[in-house]
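Asker: Next comes run_21.cif, mmCIF, C-alpha atoms (C1' of nucleotides); chains and numbers go by the auth columns:
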```cif
data_target
loop_
_atom_site.group_PDB
_atom_site.id
_atom_site.type_symbol
_atom_site.label_atom_id
_atom_site.label_comp_id
_atom_site.label_asym_id
_atom_site.label_seq_id
_atom_site.Cartn_x
_atom_site.Cartn_y
_atom_site.Cartn_z
_atom_site.B_iso_or_equiv
_atom_site.auth_seq_id
_atom_site.auth_asym_id
ATOM 1 C CA MET A 1 85.335 105.063 120.500 0.00 9 T
ATOM 2 C CA GLN A 2 88.577 104.373 118.721 0.00 10 T
ATOM 3 C CA PRO A 3 89.881 102.056 116.014 0.00 11 T
ATOM 4 C CA PRO A 4 90.750 98.496 117.050 0.00 12 T
ATOM 5 C CA THR A 5 94.392 97.556 117.420 0.00 13 T
ATOM 6 C CA ASN A 6 93.872 93.881 116.671 0.00 14 T
ATOM 7 C CA PRO A 7 92.299 91.988 113.809 0.00 15 T
ATOM 8 C CA PRO A 8 88.821 90.644 114.598 0.00 16 T
ATOM 9 C CA ALA A 9 89.007 87.282 116.357 0.00 17 T
ATOM 10 C CA SER A 10 85.826 85.946 114.821 0.00 18 T
ATOM 11 C CA LEU A 11 83.164 86.686 112.260 0.00 19 T
ATOM 12 C CA ASP A 12 80.890 87.935 115.035 0.00 20 T
ATOM 13 C CA ASP A 13 83.638 90.212 116.230 0.00 21 T
ATOM 14 C CA LEU A 14 84.082 91.592 112.730 0.00 22 T
ATOM 15 C CA MET A 15 80.360 92.151 112.233 0.00 23 T
ATOM 16 C CA GLN A 16 80.118 93.964 115.562 0.00 24 T
ATOM 17 C CA ARG A 17 82.721 96.396 114.320 0.00 25 T
ATOM 18 C CA VAL A 18 80.724 96.800 111.129 0.00 26 T
ATOM 19 C CA VAL A 19 77.588 97.682 113.090 0.00 27 T
ATOM 20 C CA GLN A 20 79.553 100.111 115.253 0.00 28 T
ATOM 21 C CA ILE A 21 80.723 102.291 112.374 0.00 29 T
ATOM 22 C CA ALA A 22 77.419 102.296 110.472 0.00 30 T
ATOM 23 C CA GLY A 23 75.763 105.703 110.523 0.00 31 T
ATOM 24 C CA PHE A 24 78.946 107.607 111.216 0.00 32 T
ATOM 25 C CA THR A 25 80.369 110.036 108.712 0.00 33 T
ATOM 26 C CA LEU A 26 83.837 109.507 107.328 0.00 34 T
ATOM 27 C CA GLY A 27 84.849 112.784 108.960 0.00 35 T
ATOM 28 C CA GLU A 28 83.765 111.500 112.370 0.00 36 T
ATOM 29 C CA LEU A 29 85.618 108.231 111.914 0.00 37 T
ATOM 30 C CA ALA A 30 88.662 110.142 110.713 0.00 38 T
ATOM 31 C CA SER A 31 88.862 112.510 113.688 0.00 39 T
ATOM 32 C CA LEU A 32 88.255 109.691 116.151 0.00 40 T
ATOM 33 C CA ALA A 33 91.363 108.132 114.620 0.00 41 T
ATOM 34 C CA ASP A 34 93.304 111.399 114.636 0.00 42 T
ATOM 35 C CA LEU A 35 93.108 111.656 110.877 0.00 43 T
ATOM 36 C CA LYS A 36 91.844 114.381 108.597 0.00 44 T
ATOM 37 C CA ALA A 37 89.453 113.835 105.747 0.00 45 T
ATOM 38 C CA PRO A 38 90.680 115.183 102.387 0.00 46 T
ATOM 39 C CA ALA A 39 88.574 117.855 100.653 0.00 47 T
ATOM 40 C CA ASN A 40 88.156 115.555 97.692 0.00 48 T
ATOM 41 C CA LEU A 41 89.414 112.160 96.615 0.00 49 T
ATOM 42 C CA ARG A 42 91.222 113.168 93.454 0.00 50 T
ATOM 43 C CA ARG A 43 94.603 112.601 95.064 0.00 51 T
ATOM 44 C CA HIS A 44 93.320 110.249 97.733 0.00 52 T
ATOM 45 C CA LYS A 45 91.465 107.625 95.752 0.00 53 T
ATOM 46 C CA GLY A 46 91.980 104.842 98.230 0.00 54 T
ATOM 47 C CA TRP A 47 91.345 106.900 101.338 0.00 55 T
ATOM 48 C CA VAL A 48 87.831 105.665 102.091 0.00 56 T
ATOM 49 C CA GLY A 49 88.817 102.036 101.780 0.00 57 T
ATOM 50 C CA GLN A 50 91.836 102.486 104.014 0.00 58 T
ATOM 51 C CA LEU A 51 89.854 104.316 106.683 0.00 59 T
ATOM 52 C CA ILE A 52 87.314 101.493 106.809 0.00 60 T
ATOM 53 C CA GLU A 53 90.151 98.954 106.911 0.00 61 T
ATOM 54 C CA LEU A 54 91.536 100.764 109.923 0.00 62 T
ATOM 55 C CA TRP A 55 88.220 100.731 111.741 0.00 63 T
ATOM 56 C CA LEU A 56 87.625 97.057 111.082 0.00 64 T
ATOM 57 C CA GLY A 57 91.149 96.007 111.944 0.00 65 T
ATOM 58 C CA ALA A 58 92.167 94.653 108.536 0.00 66 T
ATOM 59 C CA GLU A 59 95.805 93.734 108.215 0.00 67 T
ATOM 60 C CA ALA A 60 97.439 96.266 105.930 0.00 68 T
ATOM 61 C CA GLY A 61 99.681 95.391 103.064 0.00 69 T
ATOM 62 C CA SER A 62 98.324 91.920 102.662 0.00 70 T
ATOM 63 C CA GLN A 63 99.064 90.779 99.168 0.00 71 T
ATOM 64 C CA GLN A 64 97.030 88.505 96.919 0.00 72 T
ATOM 65 C CA THR A 65 95.024 87.357 99.872 0.00 73 T
ATOM 66 C CA GLN A 66 91.761 88.275 101.523 0.00 74 T
ATOM 67 C CA ASP A 67 91.696 91.226 103.913 0.00 75 T
ATOM 68 C CA PHE A 68 90.694 88.957 106.775 0.00 76 T
ATOM 69 C CA ALA A 69 92.443 85.805 105.633 0.00 77 T
ATOM 70 C CA GLN A 70 91.828 83.800 108.780 0.00 78 T
ATOM 71 C CA LEU A 71 88.107 84.554 108.567 0.00 79 T
ATOM 72 C CA GLY A 72 88.022 84.015 104.817 0.00 80 T
ATOM 73 C CA VAL A 73 86.615 87.490 104.215 0.00 81 T
ATOM 74 C CA GLU A 74 87.475 90.110 101.626 0.00 82 T
ATOM 75 C CA LEU A 75 86.560 93.717 102.453 0.00 83 T
ATOM 76 C CA LYS A 76 85.149 96.059 99.811 0.00 84 T
ATOM 77 C CA THR A 77 83.789 99.544 100.313 0.00 85 T
ATOM 78 C CA LEU A 78 81.217 100.459 97.691 0.00 86 T
ATOM 79 C CA PRO A 79 80.464 104.084 96.824 0.00 87 T
ATOM 80 C CA VAL A 80 76.724 104.546 96.290 0.00 88 T
ATOM 81 C CA ASP A 81 74.518 107.409 95.093 0.00 89 T
ATOM 82 C CA GLU A 82 71.423 108.813 96.824 0.00 90 T
ATOM 83 C CA SER A 83 69.300 105.934 95.577 0.00 91 T
ATOM 84 C CA GLY A 84 71.764 103.350 96.789 0.00 92 T
ATOM 85 C CA SER A 85 73.195 102.366 93.416 0.00 93 T
ATOM 86 C CA PRO A 86 76.930 101.828 92.913 0.00 94 T
ATOM 87 C CA LEU A 87 78.806 104.812 91.520 0.00 95 T
ATOM 88 C CA GLU A 88 81.888 102.894 90.470 0.00 96 T
ATOM 89 C CA THR A 89 82.938 99.465 89.312 0.00 97 T
ATOM 90 C CA THR A 90 84.645 97.353 91.953 0.00 98 T
ATOM 91 C CA TYR A 91 88.284 96.333 91.652 0.00 99 T
ATOM 92 C CA VAL A 92 88.806 92.654 92.387 0.00 100 T
ATOM 93 C CA CYS A 93 92.451 91.818 91.821 0.00 101 T
ATOM 94 C CA TYR A 94 95.410 92.021 89.543 0.00 102 T
ATOM 95 C CA ALA A 95 95.251 89.876 86.418 0.00 103 T
ATOM 96 C CA HIS A 96 98.247 87.671 85.766 0.00 104 T
ATOM 97 C CA LEU A 97 99.118 87.682 82.105 0.00 105 T
ATOM 98 C CA THR A 98 101.798 84.961 82.013 0.00 106 T
ATOM 99 C CA GLY A 99 102.339 81.624 83.724 0.00 107 T
ATOM 100 C CA ILE A 100 98.651 80.858 83.645 0.00 108 T
ATOM 101 C CA ALA A 101 98.694 77.548 81.792 0.00 109 T
ATOM 102 C CA GLY A 102 96.470 75.055 83.528 0.00 110 T
ATOM 103 C CA LEU A 103 95.017 77.598 85.929 0.00 111 T
ATOM 104 C CA ASN A 104 91.352 76.958 86.539 0.00 112 T
ATOM 105 C CA TRP A 105 88.494 78.875 88.107 0.00 113 T
ATOM 106 C CA GLN A 106 88.514 76.912 91.324 0.00 114 T
ATOM 107 C CA GLN A 107 92.076 77.957 92.118 0.00 115 T
ATOM 108 C CA SER A 108 91.833 81.435 90.701 0.00 116 T
ATOM 109 C CA ASN A 109 92.584 84.575 92.644 0.00 117 T
ATOM 110 C CA VAL A 110 89.255 86.038 91.564 0.00 118 T
ATOM 111 C CA ARG A 111 87.262 83.186 93.039 0.00 119 T
ATOM 112 C CA ASN A 112 89.295 83.237 96.230 0.00 120 T
ATOM 113 C CA LYS A 113 88.728 86.950 96.719 0.00 121 T
ATOM 114 C CA LEU A 114 85.040 86.805 95.926 0.00 122 T
ATOM 115 C CA SER A 115 84.177 83.643 97.831 0.00 123 T
ATOM 116 C CA ARG A 116 83.065 85.790 100.757 0.00 124 T
ATOM 117 C CA VAL A 117 82.927 89.577 100.656 0.00 125 T
ATOM 118 C CA LEU A 118 82.102 92.081 103.366 0.00 126 T
ATOM 119 C CA TRP A 119 80.438 94.942 101.487 0.00 127 T
ATOM 120 C CA ILE A 120 80.405 98.349 103.159 0.00 128 T
ATOM 121 C CA PRO A 121 78.223 100.816 101.230 0.00 129 T
ATOM 122 C CA VAL A 122 79.358 104.420 101.680 0.00 130 T
ATOM 123 C CA GLN A 123 77.818 107.595 100.283 0.00 131 T
ATOM 124 C CA GLY A 124 79.951 108.490 97.303 0.00 132 T
ATOM 125 C CA SER A 125 78.358 111.342 95.377 0.00 133 T
ATOM 126 C CA ARG A 126 80.968 113.901 94.459 0.00 134 T
ATOM 127 C CA ASP A 127 78.786 116.765 95.667 0.00 135 T
ATOM 128 C CA ILE A 128 79.131 115.445 99.215 0.00 136 T
ATOM 129 C CA PRO A 129 82.527 116.247 100.751 0.00 137 T
ATOM 130 C CA PRO A 130 84.251 113.044 101.882 0.00 138 T
ATOM 131 C CA ALA A 131 84.059 114.131 105.527 0.00 139 T
ATOM 132 C CA LEU A 132 80.243 114.284 105.357 0.00 140 T
ATOM 133 C CA ARG A 133 79.699 110.952 103.647 0.00 141 T
ATOM 134 C CA VAL A 134 77.843 108.428 105.778 0.00 142 T
ATOM 135 C CA VAL A 135 78.842 104.798 106.215 0.00 143 T
ATOM 136 C CA GLY A 136 76.019 102.380 105.470 0.00 144 T
ATOM 137 C CA ASN A 137 75.106 98.954 106.812 0.00 145 T
ATOM 138 C CA GLY A 138 77.789 96.495 105.846 0.00 146 T
ATOM 139 C CA PHE A 139 76.876 92.910 105.100 0.00 147 T
ATOM 140 C CA LEU A 140 78.487 89.607 104.230 0.00 148 T
ATOM 141 C CA TRP A 141 77.890 88.206 100.792 0.00 149 T
ATOM 142 C CA GLN A 142 78.700 84.907 99.161 0.00 150 T
ATOM 143 C CA PRO A 143 77.982 84.384 95.476 0.00 151 T
ATOM 144 C CA ASN A 144 74.932 82.212 94.850 0.00 152 T
ATOM 145 C CA ASN A 145 75.009 79.616 92.079 0.00 153 T
ATOM 146 C CA ASP A 146 73.927 82.009 89.354 0.00 154 T
ATOM 147 C CA GLU A 147 76.437 84.640 90.395 0.00 155 T
ATOM 148 C CA GLU A 148 79.253 82.123 90.605 0.00 156 T
ATOM 149 C CA GLN A 149 78.468 80.756 87.159 0.00 157 T
ATOM 150 C CA ALA A 150 78.396 84.246 85.672 0.00 158 T
ATOM 151 C CA LEU A 151 81.716 85.119 87.261 0.00 159 T
ATOM 152 C CA ARG A 152 83.272 81.868 86.191 0.00 160 T
ATOM 153 C CA SER A 153 82.075 82.229 82.635 0.00 161 T
ATOM 154 C CA ASP A 154 83.523 85.730 82.331 0.00 162 T
ATOM 155 C CA TRP A 155 86.760 84.691 83.985 0.00 163 T
ATOM 156 C CA GLU A 156 87.229 81.712 81.682 0.00 164 T
ATOM 157 C CA GLU A 157 86.525 83.726 78.565 0.00 165 T
ATOM 158 C CA ILE A 158 88.958 86.464 79.576 0.00 166 T
ATOM 159 C CA MET A 159 91.662 84.013 80.636 0.00 167 T
ATOM 160 C CA ASP A 160 91.281 82.149 77.354 0.00 168 T
ATOM 161 C CA PHE A 161 92.039 85.338 75.456 0.00 169 T
ATOM 162 C CA ILE A 162 95.076 85.982 77.643 0.00 170 T
ATOM 163 C CA SER A 163 96.500 82.485 77.334 0.00 171 T
ATOM 164 C CA LEU A 164 95.976 82.533 73.590 0.00 172 T
ATOM 165 C CA GLY A 165 98.015 85.712 73.267 0.00 173 T
ATOM 166 C CA GLN A 166 95.016 87.936 72.574 0.00 174 T
ATOM 167 C CA VAL A 167 95.325 90.234 75.579 0.00 175 T
ATOM 168 C CA GLU A 168 95.448 93.299 73.347 0.00 176 T
ATOM 169 C CA LYS A 169 92.106 92.300 71.866 0.00 177 T
ATOM 170 C CA LEU A 170 90.449 92.311 75.277 0.00 178 T
ATOM 171 C CA THR A 171 88.261 95.300 76.016 0.00 179 T
ATOM 172 C CA ALA A 172 86.209 96.288 79.049 0.00 180 T
ATOM 173 C CA ARG A 173 83.127 95.593 76.949 0.00 181 T
ATOM 174 C CA GLN A 174 83.777 91.906 77.248 0.00 182 T
ATOM 175 C CA GLY A 175 82.210 90.069 80.154 0.00 183 T
ATOM 176 C CA GLU A 176 78.668 90.089 81.508 0.00 184 T
ATOM 177 C CA VAL A 177 79.344 90.798 85.174 0.00 185 T
ATOM 178 C CA MET A 178 83.119 91.159 85.329 0.00 186 T
ATOM 179 C CA GLN A 179 85.522 92.974 83.044 0.00 187 T
ATOM 180 C CA ILE A 180 89.245 93.475 82.633 0.00 188 T
ATOM 181 C CA ARG A 181 90.712 96.970 82.436 0.00 189 T
ATOM 182 C CA PRO A 182 94.090 98.713 82.753 0.00 190 T
ATOM 183 C CA LYS A 183 95.344 98.877 86.328 0.00 191 T
ATOM 184 C CA ALA A 184 98.577 100.786 86.760 0.00 192 T
ATOM 185 C CA ALA A 185 100.264 103.888 88.089 0.00 193 T
ATOM 186 C CA ASP A 186 100.193 105.443 84.625 0.00 194 T
ATOM 187 C CA GLY A 187 100.291 104.682 80.925 0.00 195 T
ATOM 188 C CA ARG A 188 104.021 104.020 81.001 0.00 196 T
ATOM 189 C CA ALA A 189 103.729 100.966 83.238 0.00 197 T
ATOM 190 C CA LEU A 190 104.389 97.785 81.320 0.00 198 T
ATOM 191 C CA THR A 191 104.362 94.118 82.198 0.00 199 T
ATOM 192 C CA ASP A 192 104.968 90.793 80.468 0.00 200 T
ATOM 193 C CA ALA A 193 102.164 89.104 78.597 0.00 201 T
ATOM 194 C CA ILE A 194 101.735 86.337 76.051 0.00 202 T
ATOM 195 C CA GLY A 195 101.851 87.676 72.502 0.00 203 T
ATOM 196 C CA PRO A 196 99.926 86.466 69.446 0.00 204 T
ATOM 197 C CA ASP A 197 102.804 84.222 68.377 0.00 205 T
ATOM 198 C CA GLY A 198 103.346 82.820 71.842 0.00 206 T
ATOM 199 C CA SER A 199 106.365 84.920 72.717 0.00 207 T
ATOM 200 C CA ILE A 200 106.522 87.466 75.526 0.00 208 T
ATOM 201 C CA ILE A 201 105.279 90.978 74.777 0.00 209 T
ATOM 202 C CA GLN A 202 104.984 94.103 76.905 0.00 210 T
ATOM 203 C CA THR A 203 101.546 95.431 77.696 0.00 211 T
ATOM 204 C CA ARG A 204 99.701 97.592 80.195 0.00 212 T
ATOM 205 C CA PRO A 205 98.977 95.784 83.463 0.00 213 T
ATOM 206 C CA ARG A 206 95.332 94.798 83.866 0.00 214 T
ATOM 207 C CA GLY A 207 92.942 94.139 86.703 0.00 215 T
ATOM 208 C CA PHE A 208 89.553 92.476 87.107 0.00 216 T
ATOM 209 C CA TYR A 209 86.598 94.685 87.984 0.00 217 T
ATOM 210 C CA LEU A 210 82.981 93.911 88.868 0.00 218 T
ATOM 211 C CA LYS A 211 80.484 95.812 86.751 0.00 219 T
ATOM 212 C CA LYS A 212 78.059 98.164 88.440 0.00 220 T
ATOM 213 C CA SER A 213 75.039 96.157 87.349 0.00 221 T
ATOM 214 C CA PHE A 214 76.429 93.158 89.229 0.00 222 T
ATOM 215 C CA THR A 215 77.128 94.963 92.504 0.00 223 T
ATOM 216 C CA LYS A 216 73.806 96.759 92.171 0.00 224 T
ATOM 217 C CA ALA A 217 72.043 93.404 92.076 0.00 225 T
ATOM 218 C CA ILE A 218 73.968 92.309 95.159 0.00 226 T
ATOM 219 C CA LEU A 219 72.796 95.400 97.040 0.00 227 T
ATOM 220 C CA GLN A 220 69.217 94.869 95.917 0.00 228 T
ATOM 221 C CA ARG A 221 69.259 91.259 97.006 0.00 229 T
ATOM 222 C CA GLN A 222 70.504 92.398 100.411 0.00 230 T
ATOM 223 C CA PHE A 223 68.299 95.401 101.047 0.00 231 T
ATOM 224 C CA ASN A 224 65.152 94.924 98.948 0.00 232 T
ATOM 225 C CA GLU A 225 64.251 91.322 99.607 0.00 233 T
ATOM 226 C "C1'" DC B 1 107.285 96.276 89.358 0.00 10 K
ATOM 227 C "C1'" DG B 2 103.465 94.128 91.255 0.00 11 K
ATOM 228 C "C1'" DG B 3 100.196 94.631 94.392 0.00 12 K
ATOM 229 C "C1'" DT B 4 96.829 97.108 97.632 0.00 13 K
ATOM 230 C "C1'" DG B 5 93.068 100.856 98.134 0.00 14 K
ATOM 231 C "C1'" DA B 6 90.144 102.864 94.402 0.00 15 K
ATOM 232 C "C1'" DT B 7 88.230 107.295 91.593 0.00 16 K
ATOM 233 C "C1'" DC B 8 89.088 110.401 87.749 0.00 17 K
ATOM 234 C "C1'" DA B 9 88.182 112.323 83.269 0.00 18 K
ATOM 235 C "C1'" DT B 10 87.671 111.916 78.576 0.00 19 K
ATOM 236 C "C1'" DC B 11 85.168 110.213 74.746 0.00 20 K
ATOM 237 C "C1'" DG B 12 81.655 107.904 72.147 0.00 21 K
ATOM 238 C "C1'" DC C 1 76.080 111.183 80.572 0.00 5 O
ATOM 239 C "C1'" DG C 2 77.811 106.622 81.528 0.00 6 O
ATOM 240 C "C1'" DA C 3 81.526 103.453 80.712 0.00 7 O
ATOM 241 C "C1'" DT C 4 86.182 102.755 79.313 0.00 8 O
ATOM 242 C "C1'" DG C 5 90.669 103.542 79.667 0.00 9 O
ATOM 243 C "C1'" DA C 6 93.815 106.258 82.565 0.00 10 O
ATOM 244 C "C1'" DT C 7 95.454 107.689 86.742 0.00 11 O
ATOM 245 C "C1'" DC C 8 96.640 108.746 92.040 0.00 12 O
ATOM 246 C "C1'" DA C 9 98.867 107.304 96.550 0.00 13 O
ATOM 247 C "C1'" DC C 10 101.238 104.044 99.179 0.00 14 O
ATOM 248 C "C1'" DC C 11 103.963 99.776 100.270 0.00 15 O
ATOM 249 C "C1'" DG C 12 107.781 95.999 100.110 0.00 16 O
#
```
Would you mind giving the structure from this file in structure tokens?
Answerer:
Amino acid sequence: MQPPTNPPASLDDLMQRVVQIAGFTLGELASLADLKAPANLRRHKGWVGQLIELWLGAEAGSQQTQDFAQLGVELKTLPVDESGSPLETTYVCYAHLTGIAGLNWQQSNVRNKLSRVLWIPVQGSRDIPPALRVVGNGFLWQPNNDEEQALRSDWEEIMDFISLGQVEKLTARQGEVMQIRPKAADGRALTDAIGPDGSIIQTRPRGFYLKKSFTKAILQRQFNE
DNA sequence: CGGTGATCATCG
DNA sequence: CGATGATCACCG
């Protein structure tokens, strides 16, 4: 077994790849690809996601688009604890802080990314070395009406703050299922945003994240119903 | 710098 | 002890 060299031609093709890697450890998948698993993820935070991308044939470096654009699928690995609950929030996308006048939910990057997600649960407890973590059963998810409304409501509230120049008043506590948080290389990174008086200010770049309670509910809907 | 992949680590 | 705010690595 070895990683595919081409993107999946169809949804069935993609899901076959998903089934193939389920049950393997990250260390096994790494050595089959001539890679080495890091001892911990402190300096390799995106390693798990990139390994899974490799095994599913996702196009690398794709920007502001779904991982499998032609299939309309976004890939997300989800670190879970021993009881199957998410250990981390889930990054969705970068949040634009200027040039957002007239942008609505239907055309938003968030909605596009989340319209169809391939979730791959992976053991994520820190007491398990990355190489020994097992890949779970991946599944396709599309937001149901309730989920879409919740996402939309959070998105609109957050975007209202941003367009009204209140980005600095936004905190991760805002939002029921989705939040906005800093997303940058370090605290020195700055980007343009709308200030309180309507002029351009500099602020820390932000990204949208799904709260754990939301992804936990997605997993429960998939595996406990 | 803006974007991808995320997890880390401090603080309430 | 969990969530928020900060940070790590890589790419064009």
Asker: Considering only C-alpha atoms (C1' of nucleotides), return as number ranges by chain whatever protein or nucleic-acid residues lie within 12 Å of range 12-18 of chain K, sequence-local ones (same chain, fewer than 6 positions apart) excluded.
Answerer: T: 48-62, 67-75, 83-87, 95-104, 132-134, 191-193, 213-215, 217; O: 6-16
Asker: Calculated over only C-alpha atoms (C1' of nucleotides), which of the candidates T:Thr199, T:Thr211, T:Gln228, T:Leu64 has the smallest distance to chain K?
Answerer: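 Ranking T:Thr199, T:Thr211, T:Gln228, T:Leu64 by distance to chain K, first place goes to T:Thr199.
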Asker: Hey, what comes out of the PyMOL selection byres ((chain T and resi 227) around 12) on this file? Could you write it as a PyMOL selection string?
Answerer: chain T and resi 86-88+91-94+126-129+144-149+220-226+228-233
Asker: With all atoms listed in the file as the atoms that count, which of T:Gln150, T:Asn120, T:Gln182, T:Thr106 lies nearest to chain O?
Answerer: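 Comparing T:Gln150, T:Asn120, T:Gln182, T:Thr106 against chain O, the winner is T:Gln182.
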Asker: Tell me, as a ChimeraX atom specification, which residues lie within 10 Å of Gln28 in chain T, counting all atoms listed in the file; anything in the same chain fewer than 2 positions away does not count.
Answerer: /T:9,22-26,30-32,63-64,145
Asker: Any chance you could work out the residue set of the PyMOL selection byres ((chain T and resi 79) around 9) here, as a PyMOL selection string?
Answerer: chain T and resi 16-19+74-78+80-82
Asker: Tell me, in Å to one decimal, how far CA of Glu184 in chain T is from CA of Ala197 in chain T.
Answerer: 27.4 Å
Asker: For Arg124 in chain T, which of T:Glu176, T:Asp205, T:Ala45, T:Asn152 is the closest residue, counting all atoms listed in the file?
Answerer: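 Selected residue with least distance to Arg124 in chain T: T:Asn152.
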Asker: Could you check the closest approach to chain O for each of T:Asp194, T:Asp21, T:Glu156, T:Glu164 and tell me which residue wins, using only C-alpha atoms (C1' of nucleotides)?
Answerer: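 Ranked by minimum distance to chain O, first place goes to T:Asp194.
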Asker: For CA of Gln187 in chain T and CA of Gly107 in chain T, determine how far apart the two atoms are, in Å to one decimal place.
Answerer: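 Distance reported for this atom pair: 20.3 Å.
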Asker: Once the PyMOL selection byres ((chain T and resi 175) around 9) has been applied to the shown file, what residues remain in the selection, as a ChimeraX atom specification?
Answerer: /T:105,166-167,169-174,176-179,201-204,211
Asker: Write out, as a compact mmCIF listing (two decimals), in the frame of the given file, the residues just selected, with C-alpha atoms.
Answerer:
```txt
# COMPACT_ATOMS: atom_id res chain seq x y z
CA LEU T 105 99.12 87.68 82.10
CA ILE T 166 88.96 86.46 79.58
CA MET T 167 91.66 84.01 80.64
CA PHE T 169 92.04 85.34 75.46
CA ILE T 170 95.08 85.98 77.64
CA SER T 171 96.50 82.48 77.33
CA LEU T 172 95.98 82.53 73.59
CA GLY T 173 98.02 85.71 73.27
CA GLN T 174 95.02 87.94 72.57
CA GLU T 176 95.45 93.30 73.35
CA LYS T 177 92.11 92.30 71.87
CA LEU T 178 90.45 92.31 75.28
CA THR T 179 88.26 95.30 76.02
CA ALA T 201 102.16 89.10 78.60
CA ILE T 202 101.74 86.34 76.05
CA GLY T 203 101.85 87.68 72.50
CA PRO T 204 99.93 86.47 69.45
CA THR T 211 101.55 95.43 77.70
```
